[in-house]
$ cat start05.cif   # mmCIF, N, CA and C atoms
data_model
#
loop_
_atom_site.label_atom_id
_atom_site.label_comp_id
_atom_site.auth_asym_id
_atom_site.auth_seq_id
_atom_site.Cartn_x
_atom_site.Cartn_y
_atom_site.Cartn_z
N MET A 2 0.11 -5.20 -82.82
CA MET A 2 -0.06 -5.50 -84.24
C MET A 2 1.31 -5.73 -84.87
N LYS A 3 1.40 -6.78 -85.66
CA LYS A 3 2.63 -7.12 -86.35
C LYS A 3 3.01 -6.01 -87.33
N HIS A 4 4.28 -5.55 -87.28
CA HIS A 4 4.75 -4.53 -88.20
C HIS A 4 5.15 -5.20 -89.51
N SER A 5 4.44 -4.85 -90.56
CA SER A 5 4.72 -5.43 -91.87
C SER A 5 4.27 -4.43 -92.93
N LEU A 6 4.70 -4.66 -94.15
CA LEU A 6 4.23 -3.83 -95.25
C LEU A 6 2.72 -3.98 -95.39
N TYR A 7 2.24 -5.18 -95.21
CA TYR A 7 0.80 -5.46 -95.29
C TYR A 7 0.03 -4.52 -94.36
N ASN A 8 0.46 -4.43 -93.12
CA ASN A 8 -0.21 -3.55 -92.16
C ASN A 8 0.06 -2.08 -92.47
N ALA A 9 1.26 -1.77 -92.89
CA ALA A 9 1.63 -0.37 -93.15
C ALA A 9 0.80 0.25 -94.27
N VAL A 10 0.45 -0.55 -95.30
CA VAL A 10 -0.34 0.00 -96.41
C VAL A 10 -1.83 0.04 -96.11
N GLY A 11 -2.24 -0.66 -95.07
CA GLY A 11 -3.67 -0.65 -94.71
C GLY A 11 -4.35 -1.98 -94.82
N GLY A 12 -3.57 -3.06 -95.00
CA GLY A 12 -4.14 -4.40 -94.99
C GLY A 12 -4.94 -4.77 -96.23
N HIS A 13 -5.82 -5.73 -96.04
CA HIS A 13 -6.57 -6.36 -97.13
C HIS A 13 -7.34 -5.34 -97.97
N SER A 14 -8.02 -4.42 -97.32
CA SER A 14 -8.85 -3.47 -98.08
C SER A 14 -8.02 -2.61 -99.02
N THR A 15 -6.83 -2.22 -98.59
CA THR A 15 -5.96 -1.41 -99.46
C THR A 15 -5.45 -2.25 -100.62
N LEU A 16 -5.05 -3.48 -100.36
CA LEU A 16 -4.59 -4.34 -101.44
C LEU A 16 -5.70 -4.55 -102.46
N MET A 17 -6.93 -4.78 -102.00
CA MET A 17 -8.05 -4.95 -102.91
C MET A 17 -8.27 -3.68 -103.75
N LYS A 18 -8.17 -2.53 -103.12
CA LYS A 18 -8.36 -1.26 -103.83
C LYS A 18 -7.32 -1.10 -104.93
N VAL A 19 -6.06 -1.33 -104.59
CA VAL A 19 -4.98 -1.20 -105.57
C VAL A 19 -5.16 -2.21 -106.70
N HIS A 20 -5.48 -3.45 -106.36
CA HIS A 20 -5.62 -4.47 -107.39
C HIS A 20 -6.84 -4.23 -108.27
N LYS A 21 -7.88 -3.62 -107.76
CA LYS A 21 -9.03 -3.25 -108.59
C LYS A 21 -8.60 -2.21 -109.63
N ILE A 22 -7.89 -1.18 -109.19
CA ILE A 22 -7.40 -0.14 -110.10
C ILE A 22 -6.45 -0.77 -111.13
N PHE A 23 -5.54 -1.60 -110.63
CA PHE A 23 -4.54 -2.24 -111.49
C PHE A 23 -5.19 -3.11 -112.56
N TYR A 24 -6.10 -4.00 -112.15
CA TYR A 24 -6.70 -4.91 -113.13
C TYR A 24 -7.70 -4.20 -114.05
N ASP A 25 -8.27 -3.10 -113.61
CA ASP A 25 -9.05 -2.29 -114.55
C ASP A 25 -8.15 -1.84 -115.70
N LYS A 26 -6.92 -1.45 -115.38
CA LYS A 26 -5.95 -1.03 -116.38
C LYS A 26 -5.53 -2.22 -117.26
N VAL A 27 -5.24 -3.34 -116.64
CA VAL A 27 -4.82 -4.54 -117.37
C VAL A 27 -5.92 -5.00 -118.33
N TYR A 28 -7.15 -5.08 -117.84
CA TYR A 28 -8.25 -5.56 -118.68
C TYR A 28 -8.61 -4.56 -119.78
N ALA A 29 -8.16 -3.32 -119.67
CA ALA A 29 -8.40 -2.31 -120.72
C ALA A 29 -7.24 -2.22 -121.71
N HIS A 30 -6.11 -2.83 -121.38
CA HIS A 30 -4.91 -2.71 -122.22
C HIS A 30 -5.00 -3.67 -123.41
N HIS A 31 -4.70 -3.16 -124.60
CA HIS A 31 -4.83 -3.96 -125.83
C HIS A 31 -4.06 -5.28 -125.79
N TRP A 32 -2.90 -5.29 -125.19
CA TRP A 32 -2.06 -6.48 -125.18
C TRP A 32 -2.32 -7.34 -123.94
N LEU A 33 -2.21 -6.73 -122.78
CA LEU A 33 -2.29 -7.51 -121.55
C LEU A 33 -3.65 -8.18 -121.35
N LYS A 34 -4.72 -7.52 -121.76
CA LYS A 34 -6.05 -8.09 -121.53
C LYS A 34 -6.22 -9.45 -122.19
N GLN A 35 -5.47 -9.70 -123.24
CA GLN A 35 -5.61 -10.96 -123.96
C GLN A 35 -5.18 -12.17 -123.12
N PHE A 36 -4.30 -11.95 -122.15
CA PHE A 36 -3.86 -13.03 -121.27
C PHE A 36 -4.97 -13.44 -120.30
N PHE A 37 -5.97 -12.59 -120.14
CA PHE A 37 -7.01 -12.81 -119.14
C PHE A 37 -8.37 -13.14 -119.74
N GLU A 38 -8.42 -13.33 -121.05
CA GLU A 38 -9.70 -13.66 -121.68
C GLU A 38 -10.28 -14.93 -121.05
N GLY A 39 -11.55 -14.84 -120.72
CA GLY A 39 -12.23 -15.98 -120.11
C GLY A 39 -12.03 -16.09 -118.61
N HIS A 40 -11.32 -15.15 -118.01
CA HIS A 40 -11.07 -15.17 -116.56
C HIS A 40 -11.79 -14.01 -115.90
N ASN A 41 -12.52 -14.30 -114.85
CA ASN A 41 -13.27 -13.29 -114.12
C ASN A 41 -12.32 -12.32 -113.43
N GLN A 42 -12.48 -11.03 -113.72
CA GLN A 42 -11.57 -10.02 -113.17
C GLN A 42 -11.62 -9.99 -111.65
N ALA A 43 -12.80 -10.05 -111.06
CA ALA A 43 -12.90 -10.01 -109.59
C ALA A 43 -12.16 -11.18 -108.95
N ALA A 44 -12.22 -12.34 -109.57
CA ALA A 44 -11.51 -13.52 -109.04
C ALA A 44 -10.00 -13.33 -109.14
N ILE A 45 -9.54 -12.75 -110.26
CA ILE A 45 -8.11 -12.49 -110.44
C ILE A 45 -7.65 -11.48 -109.39
N GLU A 46 -8.41 -10.42 -109.19
CA GLU A 46 -8.07 -9.40 -108.19
C GLU A 46 -7.96 -10.03 -106.80
N ALA A 47 -8.91 -10.88 -106.46
CA ALA A 47 -8.91 -11.52 -105.13
C ALA A 47 -7.69 -12.42 -104.96
N ARG A 48 -7.35 -13.21 -105.98
CA ARG A 48 -6.17 -14.09 -105.88
C ARG A 48 -4.89 -13.28 -105.75
N GLN A 49 -4.76 -12.21 -106.55
CA GLN A 49 -3.57 -11.37 -106.47
C GLN A 49 -3.46 -10.73 -105.09
N THR A 50 -4.58 -10.32 -104.55
CA THR A 50 -4.59 -9.72 -103.21
C THR A 50 -4.11 -10.72 -102.17
N LEU A 51 -4.62 -11.93 -102.23
CA LEU A 51 -4.21 -12.95 -101.26
C LEU A 51 -2.73 -13.31 -101.42
N PHE A 52 -2.28 -13.42 -102.66
CA PHE A 52 -0.87 -13.74 -102.93
C PHE A 52 0.04 -12.65 -102.36
N MET A 53 -0.25 -11.40 -102.72
CA MET A 53 0.61 -10.29 -102.28
C MET A 53 0.50 -10.06 -100.77
N ALA A 54 -0.65 -10.32 -100.20
CA ALA A 54 -0.80 -10.15 -98.75
C ALA A 54 0.24 -10.99 -98.02
N GLU A 55 0.38 -12.25 -98.41
CA GLU A 55 1.38 -13.11 -97.76
C GLU A 55 2.79 -12.57 -97.97
N LYS A 56 3.08 -12.13 -99.19
CA LYS A 56 4.43 -11.66 -99.51
C LYS A 56 4.77 -10.38 -98.76
N MET A 57 3.74 -9.65 -98.31
CA MET A 57 3.93 -8.41 -97.57
C MET A 57 3.87 -8.62 -96.06
N GLY A 58 3.74 -9.88 -95.62
CA GLY A 58 3.71 -10.15 -94.19
C GLY A 58 2.33 -10.34 -93.61
N GLY A 59 1.34 -10.52 -94.48
CA GLY A 59 -0.03 -10.73 -94.03
C GLY A 59 -0.36 -12.21 -93.93
N PRO A 60 -1.65 -12.53 -94.03
CA PRO A 60 -2.08 -13.93 -93.89
C PRO A 60 -1.51 -14.83 -94.97
N GLU A 61 -1.43 -16.10 -94.63
CA GLU A 61 -0.86 -17.10 -95.54
C GLU A 61 -1.72 -17.26 -96.80
N TYR A 62 -1.04 -17.36 -97.93
CA TYR A 62 -1.68 -17.58 -99.23
C TYR A 62 -1.81 -19.08 -99.45
N ILE A 63 -3.02 -19.50 -99.82
CA ILE A 63 -3.23 -20.90 -100.15
C ILE A 63 -3.76 -20.90 -101.59
N GLY A 64 -2.90 -21.23 -102.50
CA GLY A 64 -3.27 -21.24 -103.90
C GLY A 64 -2.13 -21.81 -104.71
N LYS A 65 -2.28 -21.77 -106.03
CA LYS A 65 -1.23 -22.28 -106.90
C LYS A 65 0.05 -21.49 -106.72
N PRO A 66 1.19 -22.18 -106.74
CA PRO A 66 2.46 -21.46 -106.74
C PRO A 66 2.56 -20.59 -108.00
N LEU A 67 3.25 -19.49 -107.88
CA LEU A 67 3.37 -18.51 -108.96
C LEU A 67 3.84 -19.12 -110.27
N LYS A 68 4.92 -19.89 -110.22
CA LYS A 68 5.46 -20.49 -111.46
C LYS A 68 4.43 -21.40 -112.12
N GLN A 69 3.74 -22.18 -111.33
CA GLN A 69 2.74 -23.10 -111.88
C GLN A 69 1.58 -22.33 -112.52
N ALA A 70 1.16 -21.25 -111.90
CA ALA A 70 0.04 -20.47 -112.43
C ALA A 70 0.38 -19.78 -113.75
N HIS A 71 1.66 -19.53 -114.00
CA HIS A 71 2.08 -18.79 -115.19
C HIS A 71 2.92 -19.61 -116.17
N GLU A 72 3.11 -20.89 -115.90
CA GLU A 72 4.04 -21.68 -116.70
C GLU A 72 3.64 -21.81 -118.17
N ASN A 73 2.36 -21.74 -118.47
CA ASN A 73 1.92 -21.91 -119.85
C ASN A 73 1.80 -20.58 -120.60
N MET A 74 2.23 -19.49 -119.97
CA MET A 74 2.15 -18.16 -120.59
C MET A 74 3.53 -17.70 -121.03
N TYR A 75 3.61 -17.24 -122.27
CA TYR A 75 4.88 -16.69 -122.77
C TYR A 75 4.94 -15.22 -122.35
N ILE A 76 5.58 -15.00 -121.21
CA ILE A 76 5.70 -13.66 -120.63
C ILE A 76 7.13 -13.19 -120.86
N THR A 77 7.24 -12.08 -121.58
CA THR A 77 8.54 -11.51 -121.90
C THR A 77 8.89 -10.41 -120.91
N GLU A 78 10.14 -9.98 -120.98
CA GLU A 78 10.58 -8.85 -120.16
C GLU A 78 9.75 -7.61 -120.48
N GLU A 79 9.43 -7.42 -121.76
CA GLU A 79 8.63 -6.26 -122.16
C GLU A 79 7.24 -6.29 -121.51
N LEU A 80 6.61 -7.45 -121.48
CA LEU A 80 5.31 -7.57 -120.82
C LEU A 80 5.42 -7.29 -119.32
N ALA A 81 6.46 -7.81 -118.69
CA ALA A 81 6.66 -7.58 -117.26
C ALA A 81 6.87 -6.10 -116.97
N THR A 82 7.61 -5.42 -117.84
CA THR A 82 7.85 -3.98 -117.67
C THR A 82 6.55 -3.20 -117.81
N LEU A 83 5.76 -3.57 -118.79
CA LEU A 83 4.47 -2.93 -118.99
C LEU A 83 3.56 -3.13 -117.78
N ARG A 84 3.52 -4.36 -117.29
CA ARG A 84 2.73 -4.67 -116.10
C ARG A 84 3.20 -3.83 -114.91
N HIS A 85 4.50 -3.72 -114.75
CA HIS A 85 5.09 -2.94 -113.66
C HIS A 85 4.64 -1.47 -113.75
N GLN A 86 4.61 -0.93 -114.95
CA GLN A 86 4.17 0.46 -115.15
C GLN A 86 2.72 0.65 -114.73
N LEU A 87 1.87 -0.31 -115.08
CA LEU A 87 0.47 -0.21 -114.71
C LEU A 87 0.27 -0.33 -113.20
N LEU A 88 1.06 -1.19 -112.57
CA LEU A 88 0.98 -1.31 -111.12
C LEU A 88 1.46 -0.02 -110.45
N THR A 89 2.51 0.57 -110.98
CA THR A 89 3.01 1.85 -110.45
C THR A 89 1.91 2.90 -110.52
N GLU A 90 1.24 2.99 -111.66
CA GLU A 90 0.14 3.94 -111.82
C GLU A 90 -0.99 3.66 -110.82
N ALA A 91 -1.31 2.39 -110.62
CA ALA A 91 -2.38 2.02 -109.69
C ALA A 91 -2.04 2.43 -108.27
N LEU A 92 -0.79 2.23 -107.88
CA LEU A 92 -0.36 2.63 -106.54
C LEU A 92 -0.45 4.14 -106.37
N GLN A 93 -0.07 4.87 -107.39
CA GLN A 93 -0.18 6.34 -107.34
C GLN A 93 -1.63 6.77 -107.25
N GLU A 94 -2.49 6.18 -108.07
CA GLU A 94 -3.91 6.54 -108.06
C GLU A 94 -4.58 6.19 -106.74
N ALA A 95 -4.10 5.14 -106.09
CA ALA A 95 -4.65 4.75 -104.79
C ALA A 95 -4.04 5.57 -103.65
N ARG A 96 -3.11 6.45 -104.00
CA ARG A 96 -2.45 7.35 -103.05
C ARG A 96 -1.67 6.60 -101.97
N ILE A 97 -0.97 5.57 -102.41
CA ILE A 97 -0.09 4.84 -101.50
C ILE A 97 1.20 5.65 -101.35
N ASP A 98 1.66 5.81 -100.14
CA ASP A 98 2.89 6.55 -99.83
C ASP A 98 4.03 6.05 -100.72
N ASN A 99 4.85 6.97 -101.21
CA ASN A 99 5.94 6.61 -102.14
C ASN A 99 6.88 5.55 -101.57
N ALA A 100 7.26 5.68 -100.32
CA ALA A 100 8.18 4.70 -99.72
C ALA A 100 7.53 3.33 -99.66
N LEU A 101 6.25 3.28 -99.32
CA LEU A 101 5.54 2.00 -99.27
C LEU A 101 5.34 1.44 -100.68
N SER A 102 5.07 2.32 -101.64
CA SER A 102 4.93 1.88 -103.03
C SER A 102 6.22 1.26 -103.53
N GLU A 103 7.33 1.87 -103.21
CA GLU A 103 8.63 1.32 -103.64
C GLU A 103 8.84 -0.07 -103.07
N ARG A 104 8.50 -0.27 -101.81
CA ARG A 104 8.63 -1.60 -101.21
C ARG A 104 7.70 -2.60 -101.90
N TRP A 105 6.48 -2.19 -102.16
CA TRP A 105 5.48 -3.03 -102.84
C TRP A 105 6.01 -3.44 -104.21
N LEU A 106 6.51 -2.47 -104.96
CA LEU A 106 7.01 -2.73 -106.31
C LEU A 106 8.23 -3.64 -106.31
N ARG A 107 9.09 -3.52 -105.31
CA ARG A 107 10.27 -4.41 -105.21
C ARG A 107 9.82 -5.85 -105.00
N ILE A 108 8.86 -6.03 -104.11
CA ILE A 108 8.35 -7.39 -103.85
C ILE A 108 7.70 -7.95 -105.12
N ASP A 109 6.86 -7.16 -105.74
CA ASP A 109 6.17 -7.59 -106.95
C ASP A 109 7.18 -7.94 -108.05
N SER A 110 8.18 -7.09 -108.25
CA SER A 110 9.19 -7.33 -109.29
C SER A 110 9.96 -8.62 -109.05
N ALA A 111 10.29 -8.89 -107.81
CA ALA A 111 11.03 -10.11 -107.49
C ALA A 111 10.24 -11.35 -107.90
N PHE A 112 8.94 -11.33 -107.68
CA PHE A 112 8.13 -12.48 -108.03
C PHE A 112 7.86 -12.55 -109.53
N MET A 113 7.72 -11.40 -110.17
CA MET A 113 7.48 -11.40 -111.62
C MET A 113 8.66 -12.00 -112.37
N GLN A 114 9.86 -11.84 -111.84
CA GLN A 114 11.03 -12.42 -112.50
C GLN A 114 10.90 -13.92 -112.67
N GLN A 115 10.13 -14.56 -111.79
CA GLN A 115 9.92 -16.01 -111.90
C GLN A 115 9.03 -16.40 -113.07
N THR A 116 8.28 -15.45 -113.61
CA THR A 116 7.34 -15.75 -114.67
C THR A 116 7.88 -15.44 -116.06
N ILE A 117 8.96 -14.68 -116.14
CA ILE A 117 9.51 -14.25 -117.43
C ILE A 117 10.21 -15.42 -118.12
N LYS A 118 9.92 -15.55 -119.40
CA LYS A 118 10.56 -16.59 -120.22
C LYS A 118 11.65 -15.91 -121.04
N PRO A 119 12.88 -16.41 -120.99
CA PRO A 119 14.00 -15.73 -121.67
C PRO A 119 13.91 -15.76 -123.20
N SER A 120 13.23 -16.76 -123.74
CA SER A 120 13.10 -16.86 -125.19
C SER A 120 11.97 -17.83 -125.51
N MET A 121 11.50 -17.75 -126.75
CA MET A 121 10.46 -18.68 -127.19
C MET A 121 11.00 -20.12 -127.17
N ALA A 122 12.25 -20.29 -127.56
CA ALA A 122 12.85 -21.62 -127.57
C ALA A 122 12.87 -22.21 -126.16
N ALA A 123 13.26 -21.40 -125.19
CA ALA A 123 13.30 -21.87 -123.80
C ALA A 123 11.90 -22.18 -123.29
N PHE A 124 10.95 -21.35 -123.68
CA PHE A 124 9.56 -21.57 -123.28
C PHE A 124 9.07 -22.93 -123.79
N TYR A 125 9.30 -23.23 -125.05
CA TYR A 125 8.87 -24.51 -125.61
C TYR A 125 9.63 -25.68 -124.99
N LYS A 126 10.90 -25.50 -124.76
CA LYS A 126 11.72 -26.59 -124.20
C LYS A 126 11.32 -26.91 -122.76
N ASN A 127 11.03 -25.89 -121.96
CA ASN A 127 10.78 -26.09 -120.53
C ASN A 127 9.33 -26.32 -120.18
N TYR A 128 8.42 -26.11 -121.11
CA TYR A 128 7.01 -26.29 -120.81
C TYR A 128 6.69 -27.78 -120.87
N LYS A 129 6.26 -28.34 -119.75
CA LYS A 129 6.10 -29.79 -119.65
C LYS A 129 4.65 -30.28 -119.76
N PHE A 130 3.70 -29.42 -119.49
CA PHE A 130 2.33 -29.88 -119.35
C PHE A 130 1.55 -29.70 -120.64
N THR A 131 1.05 -30.78 -121.19
CA THR A 131 0.33 -30.71 -122.46
C THR A 131 -1.17 -30.50 -122.26
N TYR A 132 -1.67 -30.62 -121.02
CA TYR A 132 -3.10 -30.46 -120.78
C TYR A 132 -3.51 -28.99 -120.70
N LYS A 133 -2.56 -28.09 -120.58
CA LYS A 133 -2.86 -26.66 -120.58
C LYS A 133 -2.27 -26.06 -121.85
N PRO A 134 -3.09 -25.41 -122.65
CA PRO A 134 -2.54 -24.83 -123.88
C PRO A 134 -1.56 -23.70 -123.58
N ARG A 135 -0.57 -23.57 -124.43
CA ARG A 135 0.37 -22.47 -124.30
C ARG A 135 -0.35 -21.17 -124.66
N ILE A 136 -0.07 -20.14 -123.92
CA ILE A 136 -0.65 -18.83 -124.21
C ILE A 136 0.46 -17.93 -124.71
N ILE A 137 0.41 -17.63 -125.99
CA ILE A 137 1.40 -16.77 -126.63
C ILE A 137 0.62 -15.66 -127.34
N ILE A 138 0.77 -14.46 -126.83
CA ILE A 138 0.04 -13.33 -127.38
C ILE A 138 1.05 -12.38 -128.02
N PRO A 139 1.10 -12.32 -129.35
CA PRO A 139 2.01 -11.40 -130.01
C PRO A 139 1.67 -9.95 -129.67
N LYS A 140 2.68 -9.11 -129.70
CA LYS A 140 2.49 -7.70 -129.42
C LYS A 140 1.63 -7.09 -130.53
N PRO A 141 0.51 -6.44 -130.17
CA PRO A 141 -0.32 -5.81 -131.20
C PRO A 141 0.43 -4.69 -131.91
N ALA A 142 0.11 -4.50 -133.17
CA ALA A 142 0.78 -3.49 -133.98
C ALA A 142 0.60 -2.08 -133.43
N GLU A 143 -0.56 -1.82 -132.79
CA GLU A 143 -0.84 -0.48 -132.30
C GLU A 143 -0.09 -0.10 -131.01
N ILE A 144 0.68 -1.01 -130.49
CA ILE A 144 1.44 -0.70 -129.27
C ILE A 144 2.87 -0.36 -129.63
#
$ encode --input "start05.cif" --output "structure tokens"
Amino acid sequence: MKHSLYNAVGGHSTLMKVHKIFYDKVYAHHWLKQFFEGHNQAAIEARQTLFMAEKMGGPEYIGKPLKQAHENMYITEELATLRHQLLTEALQEARIDNALSERWLRIDSAFMQQTIKPSMAAFYKNYKFTYKPRIIIPKPAEI
């Protein structure tokens, strides 16, 4: 068996378990859930599982590249940090070993950096596609 993070954490079933816990948190969060309105949670969980599986040394991911999937979303550093916190909680709740969780979070963080927009001005300047509406969700007052 190939030695990889994918295999070390328990493969596909473990990734699905963690992503179910994680997206339950995301879909319940006042701010983050707004980015997913109209999107089936189970489908999002499955895509995230396939994406991360490849990044952890598992089967090849066949889907939209990360930047393309998030290019129309105004994702700030604050949103990425919040997302990271929820993923950390999900890994803990799924009882993933701390050393493996740290590796998982490093991989996830590296890819999330590709989705962060440095400013609203940069987001508007660099967004090229007019057929997809821009998704800009202001921070709710209660957060």
$ atom_distance --input "start05.cif" --atom1 "atom CA of A:Ile76" --atom2 "atom CA of A:Pro119"
8.6 Å
$ resolve_selection --input "start05.cif" --expression "the PyMOL selection byres (((chain A and resi 52 and name CA) around 10) and name CA)" --output "mmCIF file with N, CA and C atoms, in the coordinates of the input"
data_model
loop_
_atom_site.group_PDB
_atom_site.id
_atom_site.type_symbol
_atom_site.label_atom_id
_atom_site.label_comp_id
_atom_site.auth_asym_id
_atom_site.auth_seq_id
_atom_site.Cartn_x
_atom_site.Cartn_y
_atom_site.Cartn_z
ATOM 1 N N GLU A 46 -8.410 -10.420 -109.190
ATOM 2 C CA GLU A 46 -8.070 -9.400 -108.190
ATOM 3 C C GLU A 46 -7.960 -10.030 -106.800
ATOM 4 N N ALA A 47 -8.910 -10.880 -106.460
ATOM 5 C CA ALA A 47 -8.910 -11.520 -105.130
ATOM 6 C C ALA A 47 -7.690 -12.420 -104.960
ATOM 7 N N ARG A 48 -7.350 -13.210 -105.980
ATOM 8 C CA ARG A 48 -6.170 -14.090 -105.880
ATOM 9 C C ARG A 48 -4.890 -13.280 -105.750
ATOM 10 N N GLN A 49 -4.760 -12.210 -106.550
ATOM 11 C CA GLN A 49 -3.570 -11.370 -106.470
ATOM 12 C C GLN A 49 -3.460 -10.730 -105.090
ATOM 13 N N THR A 50 -4.580 -10.320 -104.550
ATOM 14 C CA THR A 50 -4.590 -9.720 -103.210
ATOM 15 C C THR A 50 -4.110 -10.720 -102.170
ATOM 16 N N LEU A 51 -4.620 -11.930 -102.230
ATOM 17 C CA LEU A 51 -4.210 -12.950 -101.260
ATOM 18 C C LEU A 51 -2.730 -13.310 -101.420
ATOM 19 N N MET A 53 -0.250 -11.400 -102.720
ATOM 20 C CA MET A 53 0.610 -10.290 -102.280
ATOM 21 C C MET A 53 0.500 -10.060 -100.770
ATOM 22 N N ALA A 54 -0.650 -10.320 -100.200
ATOM 23 C CA ALA A 54 -0.800 -10.150 -98.750
ATOM 24 C C ALA A 54 0.240 -10.990 -98.020
ATOM 25 N N GLU A 55 0.380 -12.250 -98.410
ATOM 26 C CA GLU A 55 1.380 -13.110 -97.760
ATOM 27 C C GLU A 55 2.790 -12.570 -97.970
ATOM 28 N N LYS A 56 3.080 -12.130 -99.190
ATOM 29 C CA LYS A 56 4.430 -11.660 -99.510
ATOM 30 C C LYS A 56 4.770 -10.380 -98.760
ATOM 31 N N MET A 57 3.740 -9.650 -98.310
ATOM 32 C CA MET A 57 3.930 -8.410 -97.570
ATOM 33 C C MET A 57 3.870 -8.620 -96.060
ATOM 34 N N GLY A 59 1.340 -10.520 -94.480
ATOM 35 C CA GLY A 59 -0.030 -10.730 -94.030
ATOM 36 C C GLY A 59 -0.360 -12.210 -93.930
ATOM 37 N N PRO A 60 -1.650 -12.530 -94.030
ATOM 38 C CA PRO A 60 -2.080 -13.930 -93.890
ATOM 39 C C PRO A 60 -1.510 -14.830 -94.970
ATOM 40 N N GLU A 61 -1.430 -16.100 -94.630
ATOM 41 C CA GLU A 61 -0.860 -17.100 -95.540
ATOM 42 C C GLU A 61 -1.720 -17.260 -96.800
ATOM 43 N N TYR A 62 -1.040 -17.360 -97.930
ATOM 44 C CA TYR A 62 -1.680 -17.580 -99.230
ATOM 45 C C TYR A 62 -1.810 -19.080 -99.450
ATOM 46 N N ILE A 63 -3.020 -19.500 -99.820
ATOM 47 C CA ILE A 63 -3.230 -20.900 -100.150
ATOM 48 C C ILE A 63 -3.760 -20.900 -101.590
ATOM 49 N N GLY A 64 -2.900 -21.230 -102.500
ATOM 50 C CA GLY A 64 -3.270 -21.240 -103.900
ATOM 51 C C GLY A 64 -2.130 -21.810 -104.710
ATOM 52 N N LYS A 65 -2.280 -21.770 -106.030
ATOM 53 C CA LYS A 65 -1.230 -22.280 -106.900
ATOM 54 C C LYS A 65 0.050 -21.490 -106.720
ATOM 55 N N PRO A 66 1.190 -22.180 -106.740
ATOM 56 C CA PRO A 66 2.460 -21.460 -106.740
ATOM 57 C C PRO A 66 2.560 -20.590 -108.000
ATOM 58 N N LEU A 67 3.250 -19.490 -107.880
ATOM 59 C CA LEU A 67 3.370 -18.510 -108.960
ATOM 60 C C LEU A 67 3.840 -19.120 -110.270
#
$ closest_residue --input "start05.cif" --among "A:Ser110, A:Thr15, A:Asn8, A:Asn41" --to "A:Ile97" --atoms "only C-alpha atoms"
A:Thr15
$ resolve_selection --input "start05.cif" --expression "the PyMOL selection byres (((chain A and resi 78 and name CA) around 8) and name CA)" --output "list of chain:residue names"
A:Ile76, A:Thr77, A:Glu79, A:Leu80, A:Ala81, A:Thr82, A:Ile117, A:Lys118, A:Pro119
$ residues_around --input "start05.cif" --residues "A:Lys21" --least-positions-apart "2" --cutoff "8 Å" --atoms "only N, CA and C atoms" --output "list in words"
Thr15, Leu16, Met17, Lys18, Val19, Phe23, Tyr24, Asp25, Lys26, Val27, Gln42, Ala43, Glu46, Ala47 and Ala91 of chain A
$ atom_distance --input "start05.cif" --atom1 "atom CA of A:Glu94" --atom2 "atom CA of A:Ile45"
19.6 Å
$ axis_aligned_box --input "start05.cif" --around "stretch 108-115 of chain A" --padding-each-side "6 Å" --output "JSON"
{"center_x": 8.6, "center_y": -11.2, "center_z": -108.5, "size_x": 16.9, "size_y": 22.4, "size_z": 21.2}
$ closest_residue --input "start05.cif" --among "A:Ile108, A:Gly39, A:Ala95, A:Met74" --to "A:Ile137" --atoms "all atoms listed in the file"
A:Met74
$ atom_distance --input "start05.cif" --atom1 "atom N of A:Asp98" --atom2 "atom CA of A:Phe36"
28.8 Å
$ closest_residue --input "start05.cif" --among "A:Leu87, A:Ala70, A:Ala44, A:Ile22" --to "A:Ile136" --atoms "only C-alpha atoms"
A:Ala70
$ closest_residue --input "start05.cif" --among "A:Glu143, A:Asp109, A:Glu38, A:Glu72" --to "A:His85" --atoms "only N, CA and C atoms"
A:Asp109
$ closest_residue --input "start05.cif" --among "A:Ile138, A:Ile144, A:Leu88, A:Met121" --to "A:Gln35" --atoms "only N, CA and C atoms"
A:Ile138
$ closest_residue --input "start05.cif" --among "A:Asn99, A:Pro134, A:Trp32, A:Gly58" --to "A:His13" --atoms "only C-alpha atoms"
A:Gly58
$ select_by_dssp --input "start05.cif" --residues "chain A" --states "strand (DSSP E or B)" --output "list in words"
Met74, Ile76, Ile117 and Ile136 of chain A
$ write_last_selection --input "start05.cif" --atoms "N, CA and C atoms" --output "PDB file, in the frame of the given file"
ATOM      1  N   MET A  74       2.230 -19.490-119.970  1.00  0.00           N
ATOM      2  CA  MET A  74       2.150 -18.160-120.590  1.00  0.00           C
ATOM      3  C   MET A  74       3.530 -17.700-121.030  1.00  0.00           C
ATOM      4  N   ILE A  76       5.580 -15.000-121.210  1.00  0.00           N
ATOM      5  CA  ILE A  76       5.700 -13.660-120.630  1.00  0.00           C
ATOM      6  C   ILE A  76       7.130 -13.190-120.860  1.00  0.00           C
ATOM      7  N   ILE A 117       8.960 -14.680-116.140  1.00  0.00           N
ATOM      8  CA  ILE A 117       9.510 -14.250-117.430  1.00  0.00           C
ATOM      9  C   ILE A 117      10.210 -15.420-118.120  1.00  0.00           C
ATOM     10  N   ILE A 136      -0.070 -20.140-123.920  1.00  0.00           N
ATOM     11  CA  ILE A 136      -0.650 -18.830-124.210  1.00  0.00           C
ATOM     12  C   ILE A 136       0.460 -17.930-124.710  1.00  0.00           C
TER      13      ILE A 136
END
$ select_by_dssp --input "start05.cif" --residues "stretch 34-76 of chain A" --states "helix (DSSP H, G or I)" --output "VMD selection string"
chain A and resid 34 to 37 42 to 56 67 to 71
